[in-house]
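**Q** A single structure is presented below for examination.
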Amino acid sequence: CTLKKTAMQLAFADGNPKANIMIIGEAPGNEEDRAGKPFVGPAGKLLDKMLESIGLNRTNVYITNIVPWRPPGNRNPSVSEVTICMPFLERQIELVAPSLLILVGGVASNALLGIKQGITKIRGRWYTYHGNDTSNQLEIPTIPIFHTAYLLRSPSKKKEAWSDLLKIKKHLDDLE
Ligand code: URA
């Protein structure tokens, strides 16, 4: 993946690989590139606050991105970059085997669910992630939410984000 050449370093994952909850964003940004960890900049701090509001933190979630290297200038990863990195992400999901996937933003949601609708239509709805290994048919409940970087730019959307968090909390409570 040519993103490796322009990034400072790999920002592979953070949190607990044994967690039941896996959170997948789009791509590392500037601060993630420097730290070598996903979601450590402003969007990550908001994500932490949102998780905390429903009793979660990086000891009980696992966090990664669709691509593990920062795209130059924080552009969206291209289709070919997403395609090249996808088998590694699919394998990561199989290995972590979470019981809930939270997809942060439209890029992650479209790439993993194979749907083209925008995030405004699909956020807060339940989908099933199946993976692509036919010998290990996964069925993981999956919910797309607004990207936290978008919420920082459009704080009025936090109301919808809160209702999505409550759905996630209810799902987790029902599992107990
Ligand atoms: N945005 C993302 O999608 N992922 C990160 O790790 C940071 C910002």
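So you can find residues: chains in the structure tokens are A, B, ... in the order shown, residues in each start at 1, and ligands are numbered from 1 in order.
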Kindly work out which residues sit at most 9 Å from ligand 1, using only C-alpha atoms and all ligand atoms, and give the list as an MDAnalysis selection string.

**A** chainID A and resid 11 13 24:33 37:44 63:68 70 74 104:105 107:108 147:149

**Q** Counting only C-alpha atoms, what is within 7 Å of region 158-175 of chain A, bar same-chain residues fewer than 4 positions away, as a list in words?

**A**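 Once the adjacent positions are removed, what remains is Ile54, Gly124, Ile145, Phe146 and Leu151 of chain A.
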
**Q** Write the residues you've just listed into a file as a PDB file, in the first residue's frame, and include N, CA, C and O atoms for each of them.

**A**
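File produced: out.pdb:
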ATOM      1  N   ILE A  54     -21.189   5.887  28.001  1.00  0.00           N
ATOM      2  CA  ILE A  54     -21.950   4.637  28.107  1.00  0.00           C
ATOM      3  C   ILE A  54     -21.105   3.546  28.798  1.00  0.00           C
ATOM      4  O   ILE A  54     -21.282   2.350  28.558  1.00  0.00           O
ATOM      5  N   GLY A 124     -27.067   4.665  13.107  1.00  0.00           N
ATOM      6  CA  GLY A 124     -28.058   4.281  14.107  1.00  0.00           C
ATOM      7  C   GLY A 124     -28.934   3.109  13.690  1.00  0.00           C
ATOM      8  O   GLY A 124     -29.866   2.760  14.397  1.00  0.00           O
ATOM      9  N   ILE A 145     -22.061   4.912  13.029  1.00  0.00           N
ATOM     10  CA  ILE A 145     -22.347   6.183  13.711  1.00  0.00           C
ATOM     11  C   ILE A 145     -21.647   7.316  12.949  1.00  0.00           C
ATOM     12  O   ILE A 145     -20.752   7.057  12.141  1.00  0.00           O
ATOM     13  N   PHE A 146     -22.055   8.546  13.238  1.00  0.00           N
ATOM     14  CA  PHE A 146     -21.372   9.684  12.616  1.00  0.00           C
ATOM     15  C   PHE A 146     -19.896   9.669  13.003  1.00  0.00           C
ATOM     16  O   PHE A 146     -19.537   9.283  14.126  1.00  0.00           O
ATOM     17  N   LEU A 151     -18.657  15.363  13.904  1.00  0.00           N
ATOM     18  CA  LEU A 151     -19.378  15.913  15.064  1.00  0.00           C
ATOM     19  C   LEU A 151     -18.672  17.145  15.622  1.00  0.00           C
ATOM     20  O   LEU A 151     -19.319  18.070  16.104  1.00  0.00           O
TER      21      LEU A 151
END

**Q** DSSP on the backbone: what in region 2-127 of chain A comes out helix (DSSP H, G or I), as number ranges by chain?

**A** A: 3-6, 30-35, 42-53, 72-74, 79-96, 106-113, 119-122

**Q** Need to verify the contact set: region 138-143 of chain A, 9 Å, only C-alpha atoms, exclusion of same-chain residues closer than 4 positions in sequence. Can you return it as a VMD selection string?

**A** chain A and resid 94 97 to 104 109 113 122 to 134 164 168

**Q** Kindly indicate which residue among A:Thr2, A:Ile21, A:Ala7, A:Gly15 lies nearest to Pro72 (chain A), using only C-alpha atoms for the distances.

**A**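 Distance minimum relative to Pro72 (chain A) lands on A:Ala7.
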
**Q** For the strand (DSSP E or B) assignment from backbone DSSP, which residues of region 19-108 of chain A qualify? Please present them as a PyMOL selection string.

**A** chain A and resi 21-25+61-65+100-104

**Q** Let's have the selection written as a tab-separated table (two decimals), in the first residue's frame, with N, CA and C atoms.

**A**
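Output contents, as saved in result-v8.tsv:
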chain	number	residue	atom	x	y	z
A	21	ILE	N	-16.12	-5.45	21.91
A	21	ILE	CA	-16.56	-4.35	21.07
A	21	ILE	C	-15.39	-3.87	20.22
A	22	MET	N	-15.60	-3.83	18.92
A	22	MET	CA	-14.54	-3.37	18.02
A	22	MET	C	-15.03	-2.12	17.31
A	23	ILE	N	-14.21	-1.07	17.32
A	23	ILE	CA	-14.56	0.21	16.73
A	23	ILE	C	-13.64	0.45	15.54
A	24	ILE	N	-14.24	0.75	14.40
A	24	ILE	CA	-13.41	0.92	13.19
A	24	ILE	C	-13.67	2.29	12.58
A	25	GLY	N	-12.61	3.09	12.48
A	25	GLY	CA	-12.69	4.40	11.85
A	25	GLY	C	-12.14	4.36	10.43
A	61	VAL	N	-12.73	-1.84	24.84
A	61	VAL	CA	-12.99	-1.80	23.39
A	61	VAL	C	-11.66	-1.96	22.65
A	62	TYR	N	-11.76	-2.35	21.40
A	62	TYR	CA	-10.59	-2.46	20.53
A	62	TYR	C	-10.82	-1.50	19.37
A	63	ILE	N	-9.83	-0.69	19.03
A	63	ILE	CA	-10.03	0.40	18.06
A	63	ILE	C	-9.02	0.28	16.92
A	64	THR	N	-9.53	0.34	15.71
A	64	THR	CA	-8.62	0.36	14.56
A	64	THR	C	-9.25	1.20	13.44
A	65	ASN	N	-8.62	1.19	12.28
A	65	ASN	CA	-9.11	1.97	11.13
A	65	ASN	C	-9.14	1.09	9.88
A	100	LEU	N	-19.82	-7.01	18.83
A	100	LEU	CA	-20.43	-5.78	18.32
A	100	LEU	C	-19.37	-4.97	17.56
A	101	LEU	N	-19.76	-4.51	16.38
A	101	LEU	CA	-18.86	-3.65	15.59
A	101	LEU	C	-19.48	-2.26	15.52
A	102	ILE	N	-18.70	-1.23	15.83
A	102	ILE	CA	-19.16	0.15	15.68
A	102	ILE	C	-18.33	0.77	14.57
A	103	LEU	N	-18.99	1.22	13.52
A	103	LEU	CA	-18.29	1.79	12.38
A	103	LEU	C	-18.40	3.31	12.45
A	104	VAL	N	-17.26	3.97	12.52
A	104	VAL	CA	-17.24	5.41	12.75
A	104	VAL	C	-17.10	6.13	11.40

**Q** Figure out the distance between CA of Arg75 (chain A) and CA of Arg34 (chain A), please, to one decimal in Å.

**A**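 Separating CA of Arg34 (chain A) from CA of Arg75 (chain A) is a distance of 16.8 Å.
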
**Q** Which is closest to Lys157 (chain A) among A:Ile115, A:Asn136, A:Thr120, A:Met8, if we use only C-alpha atoms?

**A**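 Of the candidates, the smallest distance to Lys157 (chain A) is held by A:Thr120.
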